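Colleague: File start.cif below, mmCIF, C-alpha atoms:
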```cif
data_start
#
loop_
_atom_site.label_atom_id
_atom_site.label_comp_id
_atom_site.auth_asym_id
_atom_site.auth_seq_id
_atom_site.Cartn_x
_atom_site.Cartn_y
_atom_site.Cartn_z
CA MET A 558 89.93 87.60 97.31
CA LYS A 559 89.22 84.72 94.93
CA TYR A 560 88.97 85.02 91.16
CA LEU A 561 87.07 82.68 88.81
CA VAL A 562 87.41 82.94 85.04
CA LEU A 563 84.68 80.87 83.36
CA LEU A 564 85.78 80.52 79.74
CA CYS A 565 82.91 79.22 77.61
CA ASP A 566 84.74 78.30 74.42
CA GLY A 567 83.04 79.45 71.20
CA MET A 568 79.85 80.48 73.05
CA ALA A 569 79.23 83.66 71.02
CA ASP A 570 77.45 83.36 67.68
CA TYR A 571 75.57 85.13 64.91
CA PRO A 572 71.77 85.29 64.69
CA SER A 573 70.74 82.03 63.03
CA ASP A 574 67.89 81.14 60.74
CA VAL A 575 67.54 77.79 62.50
CA LEU A 576 66.99 79.71 65.76
CA SER A 577 64.47 82.21 64.34
CA GLY A 578 67.06 84.95 64.06
CA LYS A 579 68.39 84.51 67.59
CA THR A 580 71.71 83.27 68.96
CA PRO A 581 72.26 80.42 71.43
CA MET A 582 73.21 82.98 74.12
CA MET A 583 69.90 84.77 73.56
CA LEU A 584 67.84 81.58 73.87
CA ALA A 585 69.70 79.76 76.64
CA ASN A 586 68.18 79.74 80.13
CA LYS A 587 71.20 80.95 82.13
CA PRO A 588 69.98 82.62 85.34
CA ASN A 589 73.34 82.50 87.13
CA ILE A 590 75.27 84.04 84.25
CA ASP A 591 72.54 86.66 83.86
CA PHE A 592 72.61 87.46 87.60
CA CYS A 593 76.31 88.25 87.29
CA ALA A 594 75.59 90.30 84.18
CA ALA A 595 72.80 92.36 85.77
CA ASN A 596 74.97 93.10 88.81
CA GLY A 597 78.35 93.54 87.15
CA GLU A 598 80.11 95.01 84.16
CA VAL A 599 79.04 93.86 80.68
CA GLY A 600 80.78 94.75 77.45
CA LEU A 601 82.69 93.49 74.44
CA VAL A 602 86.35 92.50 74.22
CA LYS A 603 88.42 91.92 71.10
CA THR A 604 90.30 88.75 72.01
CA VAL A 605 91.82 88.20 68.56
CA ALA A 606 93.98 91.00 67.17
CA ASP A 607 93.70 91.74 63.45
CA ALA A 608 97.15 90.26 62.76
CA PHE A 609 96.08 86.77 63.90
CA LYS A 610 93.73 84.01 62.83
CA PRO A 611 90.86 83.40 65.28
CA GLY A 612 92.16 80.28 66.97
CA SER A 613 91.60 79.21 70.57
CA ASP A 614 95.36 79.45 71.06
CA VAL A 615 95.60 83.18 70.33
CA ALA A 616 92.26 83.97 71.99
CA ASN A 617 92.99 82.14 75.26
CA LEU A 618 96.47 83.65 75.49
CA SER A 619 94.81 87.06 75.23
CA VAL A 620 92.20 86.30 77.88
CA MET A 621 94.95 85.02 80.20
CA GLY A 622 96.75 88.33 79.77
CA TYR A 623 99.55 87.24 77.43
CA ASP A 624 99.91 89.38 74.31
CA PRO A 625 100.15 87.01 71.31
CA HIS A 626 102.35 89.59 69.55
CA LEU A 627 104.97 88.82 72.21
CA TYR A 628 104.36 85.20 73.17
CA TYR A 629 102.63 83.31 70.36
CA THR A 630 104.83 81.05 68.23
CA GLY A 631 102.20 78.57 67.02
CA ARG A 632 99.52 76.27 68.38
CA SER A 633 101.39 72.99 68.54
CA PRO A 634 104.19 74.12 70.88
CA LEU A 635 101.50 74.87 73.46
CA GLU A 636 100.00 71.40 73.06
CA ALA A 637 103.44 69.78 73.13
CA ALA A 638 103.98 71.32 76.56
CA SER A 639 100.70 69.81 77.73
CA ILE A 640 101.69 66.23 76.88
CA GLY A 641 105.16 66.65 78.34
CA VAL A 642 107.23 66.95 75.17
CA LYS A 643 110.52 68.74 75.89
CA MET A 644 111.42 71.05 73.02
CA ASP A 645 114.71 72.76 72.22
CA SER A 646 114.56 76.32 70.95
CA SER A 647 115.41 75.14 67.42
CA ASP A 648 112.68 72.47 67.26
CA ILE A 649 109.45 72.75 65.29
CA ALA A 650 106.25 71.32 66.75
CA THR A 651 103.28 70.56 64.50
CA ARG A 652 99.73 69.53 65.39
CA CYS A 653 99.01 66.06 64.02
CA ASN A 654 95.27 65.40 63.73
CA LEU A 655 93.87 61.98 62.97
CA VAL A 656 91.21 62.70 60.35
CA THR A 657 88.86 60.93 57.97
CA LEU A 658 89.40 61.59 54.27
CA SER A 659 87.29 60.33 51.35
CA ASP A 660 88.31 57.43 49.11
CA GLU A 661 89.57 59.10 45.90
CA GLU A 662 92.76 57.47 44.64
CA ASP A 663 94.55 60.80 44.18
CA TYR A 664 95.33 62.09 47.70
CA LYS A 665 95.06 65.71 46.62
CA GLN A 666 91.49 65.16 45.39
CA LYS A 667 90.18 63.79 48.68
CA THR A 668 87.56 65.52 50.82
CA MET A 669 87.82 66.25 54.55
CA LEU A 670 84.94 64.13 55.87
CA ASP A 671 85.69 64.49 59.59
CA TYR A 672 88.41 66.47 61.38
CA CYS A 673 88.29 64.18 64.42
CA ALA A 674 87.54 60.72 62.90
CA ASP A 675 84.28 60.32 64.81
CA ASP A 676 85.96 61.37 68.06
CA ILE A 677 88.36 58.45 67.96
CA SER A 678 89.15 57.10 71.41
CA SER A 679 92.51 57.84 72.97
CA LYS A 680 93.23 54.11 73.22
CA GLU A 681 92.67 53.54 69.49
CA ALA A 682 94.56 56.71 68.61
CA GLU A 683 97.55 55.70 70.71
CA GLU A 684 97.89 52.47 68.73
CA LEU A 685 97.75 54.35 65.43
CA VAL A 686 100.22 57.07 66.41
CA LYS A 687 102.70 54.55 67.78
CA PHE A 688 102.36 52.64 64.51
CA LEU A 689 103.19 55.82 62.58
CA GLU A 690 106.17 56.46 64.84
CA GLU A 691 107.41 52.96 64.07
CA LYS A 692 106.97 53.33 60.30
CA LEU A 693 107.61 57.01 59.56
CA SER A 694 109.90 58.44 62.26
CA GLU A 695 113.42 59.51 61.37
CA ASP A 696 116.40 60.71 63.40
CA ASP A 697 115.06 64.26 63.35
CA LEU A 698 111.32 63.57 63.24
CA HIS A 699 109.06 61.89 65.82
CA PHE A 700 105.37 61.41 66.58
CA TYR A 701 104.01 61.92 70.11
CA VAL A 702 100.73 60.57 71.45
CA GLY A 703 98.19 63.11 72.69
CA VAL A 704 94.45 62.73 73.34
CA SER A 705 91.72 61.45 71.00
CA TYR A 706 92.41 62.87 67.53
CA ARG A 707 94.94 65.51 68.73
CA HIS A 708 98.64 64.54 68.55
CA CYS A 709 102.04 66.09 67.95
CA LEU A 710 104.91 65.85 65.48
CA ILE A 711 108.34 67.22 66.44
CA LEU A 712 110.97 68.14 63.87
CA LYS A 713 114.36 68.46 65.54
CA ASN A 714 116.57 71.46 64.70
CA GLY A 715 113.91 73.05 62.54
CA LEU A 716 115.01 71.35 59.33
CA GLY A 717 112.39 72.23 56.74
CA GLY A 718 111.03 75.02 58.93
CA SER A 719 107.53 75.79 60.07
CA PHE A 720 104.68 76.17 57.59
CA GLU A 721 101.19 77.56 57.18
CA ALA A 722 98.32 75.07 56.97
CA THR A 723 94.57 75.27 57.35
CA PRO A 724 93.02 73.70 60.46
CA PRO A 725 91.01 70.62 59.42
CA HIS A 726 87.91 71.77 61.30
CA ASP A 727 87.77 74.75 58.95
CA ILE A 728 87.40 72.60 55.83
CA THR A 729 84.94 69.89 56.81
CA GLY A 730 83.11 68.71 53.71
CA ARG A 731 85.55 70.43 51.35
CA LYS A 732 88.21 69.09 48.99
CA ILE A 733 91.65 69.31 50.55
CA THR A 734 93.32 70.30 47.24
CA ASP A 735 93.76 73.98 48.05
CA PHE A 736 94.58 73.50 51.72
CA LEU A 737 97.52 71.10 51.64
CA PRO A 738 100.88 72.27 53.07
CA GLU A 739 103.43 73.50 50.56
CA ASN A 740 106.18 71.87 52.61
CA GLU A 741 106.93 68.76 50.56
CA ARG A 742 108.25 66.75 53.48
CA PHE A 743 105.10 67.18 55.50
CA LEU A 744 102.86 66.59 52.50
CA SER A 745 104.74 63.35 51.85
CA LEU A 746 104.17 62.29 55.46
CA MET A 747 100.44 62.91 55.12
CA LYS A 748 100.26 60.83 51.95
CA LYS A 749 102.28 57.98 53.47
CA SER A 750 100.12 58.03 56.60
CA HIS A 751 97.03 57.36 54.48
CA GLU A 752 98.64 54.31 52.88
CA LEU A 753 99.59 52.99 56.31
CA LEU A 754 96.37 53.76 58.14
CA LYS A 755 93.58 52.99 55.69
CA ASP A 756 93.80 49.21 56.24
CA HIS A 757 95.10 49.22 59.81
CA PRO A 758 93.22 46.76 62.07
CA VAL A 759 92.03 49.59 64.32
CA ASN A 760 90.35 51.26 61.36
CA LEU A 761 88.91 48.03 59.96
CA LYS A 762 87.25 47.40 63.32
CA ARG A 763 85.92 50.97 63.37
CA ILE A 764 84.41 50.52 59.90
CA GLU A 765 82.74 47.29 61.04
CA LYS A 766 81.15 49.25 63.90
CA GLY A 767 79.89 51.93 61.52
CA LEU A 768 82.49 54.45 62.68
CA ARG A 769 84.68 56.59 60.47
CA PRO A 770 88.28 55.42 60.13
CA ALA A 771 91.21 57.62 61.13
CA ASN A 772 92.74 57.11 57.71
CA SER A 773 95.19 60.02 57.51
CA ILE A 774 97.08 62.56 59.54
CA TRP A 775 96.63 66.30 58.97
CA LEU A 776 99.57 68.52 59.89
CA TRP A 777 99.02 72.15 60.89
CA GLY A 778 99.65 74.73 63.63
CA SER A 779 103.43 74.53 63.57
CA GLY A 780 105.77 76.71 65.61
CA ASN A 781 108.89 76.98 67.75
CA LYS A 782 109.18 76.54 71.49
CA SER A 783 107.17 79.12 73.41
CA GLU A 784 108.65 81.07 76.34
CA MET A 785 106.35 82.98 78.71
CA PRO A 786 106.66 84.49 82.19
CA SER A 787 104.79 82.71 84.96
CA PHE A 788 101.24 83.80 85.72
CA GLU A 789 102.15 84.45 89.34
CA SER A 790 105.08 86.71 88.42
CA LYS A 791 102.83 88.63 86.04
CA PHE A 792 99.72 89.02 88.21
CA SER A 793 100.87 88.17 91.77
CA LEU A 794 98.25 85.44 92.04
CA LYS A 795 98.55 81.67 92.30
CA GLY A 796 96.61 80.31 89.35
CA CYS A 797 95.04 77.01 88.33
CA VAL A 798 93.82 75.82 84.92
CA ILE A 799 90.98 73.32 84.47
CA SER A 800 90.33 72.07 80.93
CA ALA A 801 89.90 68.94 78.83
CA VAL A 802 91.88 70.53 76.00
CA ASP A 803 95.63 70.02 75.57
CA LEU A 804 96.09 73.53 74.22
CA ILE A 805 94.73 75.17 77.38
CA LYS A 806 96.62 72.80 79.65
CA GLY A 807 99.78 73.61 77.72
CA ILE A 808 99.37 77.34 78.30
CA GLY A 809 98.85 76.56 81.98
CA LYS A 810 102.03 74.52 82.20
CA LEU A 811 104.12 77.06 80.30
CA THR A 812 102.94 79.82 82.63
CA GLU A 813 103.57 77.63 85.70
CA MET A 814 99.94 77.46 86.77
CA GLN A 815 98.61 74.35 88.44
CA VAL A 816 96.89 72.14 85.86
CA CYS A 817 94.06 70.00 87.23
CA GLU A 818 92.94 66.75 85.61
CA VAL A 819 89.23 65.93 85.74
CA GLU A 820 88.06 62.38 85.15
CA GLY A 821 85.42 62.30 82.44
CA ALA A 822 86.31 65.74 81.03
CA THR A 823 85.91 65.21 77.29
CA GLY A 824 85.68 68.65 75.70
CA TYR A 825 82.18 67.82 74.41
CA ILE A 826 78.63 68.17 75.68
CA ASP A 827 79.01 64.84 77.51
CA THR A 828 81.85 66.27 79.61
CA ASN A 829 81.91 65.99 83.38
CA PHE A 830 80.51 69.43 84.21
CA GLU A 831 80.08 68.57 87.89
CA GLY A 832 83.65 67.28 88.08
CA LYS A 833 84.99 70.52 86.64
CA ALA A 834 83.05 72.56 89.19
CA GLN A 835 84.35 70.39 92.02
CA ALA A 836 87.91 70.69 90.69
CA ALA A 837 87.58 74.48 90.84
CA ILE A 838 86.30 74.33 94.40
CA ASN A 839 89.13 71.99 95.40
CA ALA A 840 91.67 74.31 93.78
CA PHE A 841 90.38 77.26 95.80
CA LYS A 842 90.46 75.18 99.00
CA GLU A 843 94.04 74.16 98.27
CA GLY A 844 95.30 77.71 97.88
CA SER A 845 94.70 78.78 94.30
CA GLU A 846 93.68 82.41 94.12
CA LEU A 847 92.57 82.41 90.49
CA VAL A 848 90.96 79.49 88.68
CA TYR A 849 90.73 79.51 84.88
CA LEU A 850 87.91 77.07 84.18
CA HIS A 851 87.66 76.30 80.46
CA VAL A 852 84.65 74.48 78.96
CA GLU A 853 84.96 73.43 75.32
CA ALA A 854 81.43 72.15 74.66
CA PRO A 855 79.82 75.23 73.01
CA ASP A 856 82.68 75.44 70.51
CA GLU A 857 82.35 71.82 69.43
CA CYS A 858 78.60 72.26 68.98
CA GLY A 859 79.28 75.27 66.76
CA HIS A 860 81.72 73.30 64.61
CA ARG A 861 79.14 70.54 64.19
CA PHE A 862 76.12 72.78 63.52
CA GLU A 863 74.36 71.45 66.61
CA ALA A 864 72.18 74.44 67.45
CA GLU A 865 70.09 72.87 70.20
CA ASN A 866 73.14 71.28 71.80
CA LYS A 867 74.92 74.63 71.82
CA ILE A 868 72.02 76.13 73.75
CA LYS A 869 72.03 73.12 76.07
CA ALA A 870 75.81 73.40 76.61
CA ILE A 871 75.43 77.00 77.80
CA GLU A 872 72.61 75.97 80.12
CA LEU A 873 74.66 73.11 81.57
CA ILE A 874 77.61 75.43 82.20
CA ASP A 875 75.27 77.82 84.02
CA GLU A 876 73.52 75.15 86.10
CA LYS A 877 76.24 72.61 86.82
CA VAL A 878 79.39 74.75 86.84
CA LEU A 879 78.75 78.41 87.64
CA LYS A 880 75.94 77.82 90.13
CA THR A 881 77.98 75.22 92.03
CA VAL A 882 81.19 77.24 92.24
CA LYS A 883 79.37 80.51 93.00
CA ASN A 884 77.44 78.84 95.83
CA TYR A 885 80.73 77.64 97.32
CA LEU A 886 82.26 81.11 97.04
CA ASP A 887 79.17 82.70 98.62
CA GLU A 888 79.28 80.25 101.52
CA SER A 889 83.00 80.82 102.04
CA GLY A 890 82.32 84.38 103.21
CA GLU A 891 85.33 85.64 101.25
CA ASP A 892 85.09 88.37 98.63
CA TYR A 893 85.38 87.17 95.06
CA LYS A 894 85.18 88.16 91.41
CA ILE A 895 83.86 86.16 88.46
CA MET A 896 84.59 86.83 84.79
CA ILE A 897 82.52 84.98 82.18
CA LEU A 898 83.27 85.11 78.46
CA PRO A 899 83.99 83.05 75.36
CA ASP A 900 87.45 83.11 73.83
CA HIS A 901 85.96 83.71 70.37
CA ALA A 902 82.70 83.19 68.52
CA THR A 903 82.01 79.94 66.64
CA PRO A 904 78.95 80.75 64.52
CA LEU A 905 76.68 77.85 63.63
CA SER A 906 76.29 79.27 60.14
CA LEU A 907 80.05 79.07 59.48
CA LYS A 908 81.03 76.08 61.66
CA THR A 909 84.37 77.77 62.39
CA HIS A 910 85.89 80.58 64.47
CA VAL A 911 85.64 84.29 63.72
CA SER A 912 87.52 87.31 65.07
CA ASP A 913 84.53 89.40 66.15
CA PRO A 914 84.61 90.95 69.64
CA VAL A 915 82.88 88.77 72.22
CA PRO A 916 80.66 89.54 75.23
CA PHE A 917 82.18 89.56 78.70
CA VAL A 918 80.82 89.81 82.24
CA ILE A 919 82.80 90.85 85.33
CA TYR A 920 80.98 90.44 88.65
CA HIS A 921 82.41 91.56 92.01
CA LYS A 922 80.52 90.21 95.01
CA ASN A 923 81.33 93.05 97.43
CA ALA A 924 81.03 95.80 94.83
CA PRO A 925 78.00 95.03 92.66
CA VAL A 926 76.99 97.58 90.03
CA SER A 927 74.09 97.86 87.65
CA SER A 928 75.15 97.04 84.12
CA GLY A 929 71.95 98.40 82.66
CA VAL A 930 71.09 95.02 81.12
CA GLU A 931 69.27 92.04 82.60
CA THR A 932 70.91 89.39 80.44
CA VAL A 933 74.16 88.99 78.55
CA ASN A 934 74.36 88.11 74.88
CA GLU A 935 75.96 89.52 71.77
CA GLU A 936 73.37 92.30 71.42
CA THR A 937 73.13 93.45 75.05
CA ALA A 938 76.92 93.46 75.42
CA SER A 939 77.25 95.81 72.47
CA ARG A 940 74.47 98.02 73.87
CA THR A 941 76.42 98.95 77.03
CA GLY A 942 79.05 100.82 75.02
CA ILE A 943 81.92 99.20 76.94
CA PHE A 944 84.62 97.92 74.60
CA VAL A 945 88.05 96.52 75.48
CA GLU A 946 89.99 96.88 72.25
CA LYS A 947 93.11 94.99 73.33
CA GLY A 948 92.29 91.48 74.51
CA PRO A 949 95.32 90.98 76.78
CA GLU A 950 94.09 93.90 78.91
CA ILE A 951 90.96 92.04 80.02
CA MET A 952 92.76 90.01 82.71
CA SER A 953 94.24 93.11 84.33
CA ARG A 954 90.82 94.79 84.12
CA PHE A 955 89.30 91.79 85.87
CA ILE A 956 91.91 91.55 88.61
CA ASN A 957 92.65 95.19 89.30
CA LYS A 958 89.59 97.30 88.49
#
```
Take the structure in the file and write it out as structure tokens.
Modeller:
Amino acid sequence: MKYLVLLCDGMADYPSDVLSGKTPMMLANKPNIDFCAANGEVGLVKTVADAFKPGSDVANLSVMGYDPHLYYTGRSPLEAASIGVKMDSSDIATRCNLVTLSDEEDYKQKTMLDYCADDISSKEAEELVKFLEEKLSEDDLHFYVGVSYRHCLILKNGLGGSFEATPPHDITGRKITDFLPENERFLSLMKKSHELLKDHPVNLKRIEKGLRPANSIWLWGSGNKSEMPSFESKFSLKGCVISAVDLIKGIGKLTEMQVCEVEGATGYIDTNFEGKAQAAINAFKEGSELVYLHVEAPDECGHRFEAENKIKAIELIDEKVLKTVKNYLDESGEDYKIMILPDHATPLSLKTHVSDPVPFVIYHKNAPVSSGVETVNEETASRTGIFVEKGPEIMSRFINK
């Protein structure tokens, strides 16, 4: 038996005025997803418990079968694991975004113009983060290079402690005044980073090209080292994770799953969909029993209010990923199951995540059933009456039912 989890990040949505009262899932042409829906189980699952904010960290832990109440310590420790940062139990990891802030002289009066600095390249970002490490690091505080705008700050021995801070993608276009960390040390680092970065040669070149400068860091998502049992010990299956996102890779590494790298996987609508599908096929051929294939594109389109691109992202996942992997599994002659779902909704109208239950599909090749619906979307999933209240139970339902 083979198991494919196709995680379509942020795919669920609210009916939108720009889409004539429909959602992207309702309008997308997705025949392969809908085939699985018509011949499988369709329902809703609450991936984000009421005690948590609707982040991809909490939601993906739940879908993977790990109860955030037991295993979640913060977002950044998961990403630190992805980029190979070794943490001690007393360390604090903090997400360090490179962002674009407006030009007001008073730092606290600036506006969050772009949470990802126009998708700054990893090469440019590496130069900036290494520059910050040179200028701002201390014996107990260091910067680590990640990917694009996503990086990591480690505070040794937890001096100053963790802190609450708003994700920058939640405040695009808003003044940062009410969202700054109360931790004075981290706030000071953010202010100093702006003074260092605003006239850095990398940013001056970006401005010349008409690109937004990465003129500040934004610190958020802090937490202690995360400890989790391996996926294989928990579910008796050899698992593999495929994603362009450090967070998802980090969960994979911490749970001792194989983590596959895909050339050209960007996390956006220009990602290498075909490469991800082939990576899944290769993983199955090489002995993986469960592949967790994560595609970020719908989520990014939701954050950016790109309605047509969100529809297109769902269609590309259906055509270039699901169809390809399903054809391989069909031709293999082996029985298989496929689960398709978002981790959370990212409504176009809000441009951020929400905690609403999300649609799921579970299809079993050798045991097809009629779901009673011909297509899956937010409305049809609610119509079936099937509701998984505790998100971490969805993986066991998928594997064992």
Colleague: If you measure from CA of Leu584 in chain A to CA of Thr823 in chain A, what distance in Å do you get, rounded to one decimal?
Modeller: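 Separating CA of Leu584 in chain A from CA of Thr823 in chain A is a distance of 24.6 Å.
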Colleague: Measuring atom to atom with only C-alpha atoms, identify which of A:Ala837, A:Thr881, A:Ala822, A:Val599 is nearest to Glu853 in chain A.
Modeller: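 Ranked by minimum distance to Glu853 in chain A, first place goes to A:Ala822.
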Colleague: Residues picked by the PyMOL selection byres ((chain A and resi 631-636) around 7) here, as a list in words?
Modeller: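 This file, filtered by the PyMOL selection byres ((chain A and resi 631-636) around 7), leaves Asp614, Tyr629, Thr630, Ala637, Ala638, Ser639, Ile640, Ala650, Thr651, Arg652, Cys709, Gly778, Ser779, Gly780, Asn781, Lys782, Ser783, Asp803, Leu804, Gly807 and Ile808 of chain A.
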Colleague: Skip Leu898 in chain A itself and residues of its chain fewer than 3 positions away, then list as a ChimeraX atom specification all residues within 12 Å of it, counting only C-alpha atoms.
Modeller: /A:561-569,582,590,593-594,598-604,616-617,620-621,849-852,855,871,874,895,901-902,914-920,933-935,938,948,951-952,955
Colleague: Between A:His910, A:His921, A:Arg763, A:Arg731, which has the minimum distance to Ile897 in chain A (counting only C-alpha atoms)?
Modeller: A:His921
Colleague: Can you tell me how far CA of Asn760 in chain A sits from CA of Asn866 in chain A, in Å to one decimal?
Modeller: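 That distance, rounded to one decimal, is 28.4 Å.
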Colleague: If I take CA of Tyr885 in chain A and CA of Leu873 in chain A, how far is one from the other in Å, to one decimal?
Modeller: 17.5 Å
Colleague: With the cut-off set at 9 Å and counting all atoms listed in the file, tabulate each residue of range 727-819 of chain A with an atom at most that distance from an atom of range 677-699 of chain A, showing the nearest atom pair and its distance in Å to one decimal, ordered by chain and increasing number, as a tab-separated table.
Modeller:
```
residue	atom	partner	partner_atom	distance
A:Leu746	CA	A:Leu693	CA	7.5
A:Lys749	CA	A:Leu693	CA	8.2
A:Ser750	CA	A:Leu689	CA	7.1
A:Leu753	CA	A:Leu689	CA	7.8
A:Leu754	CA	A:Leu685	CA	7.4
A:His757	CA	A:Leu685	CA	8.1
A:Val759	CA	A:Glu681	CA	6.5
A:Asn760	CA	A:Glu681	CA	8.8
A:Leu768	CA	A:Ile677	CA	8.9
A:Arg769	CA	A:Ile677	CA	8.5
A:Pro770	CA	A:Ile677	CA	8.4
A:Ala771	CA	A:Ile677	CA	7.4
```
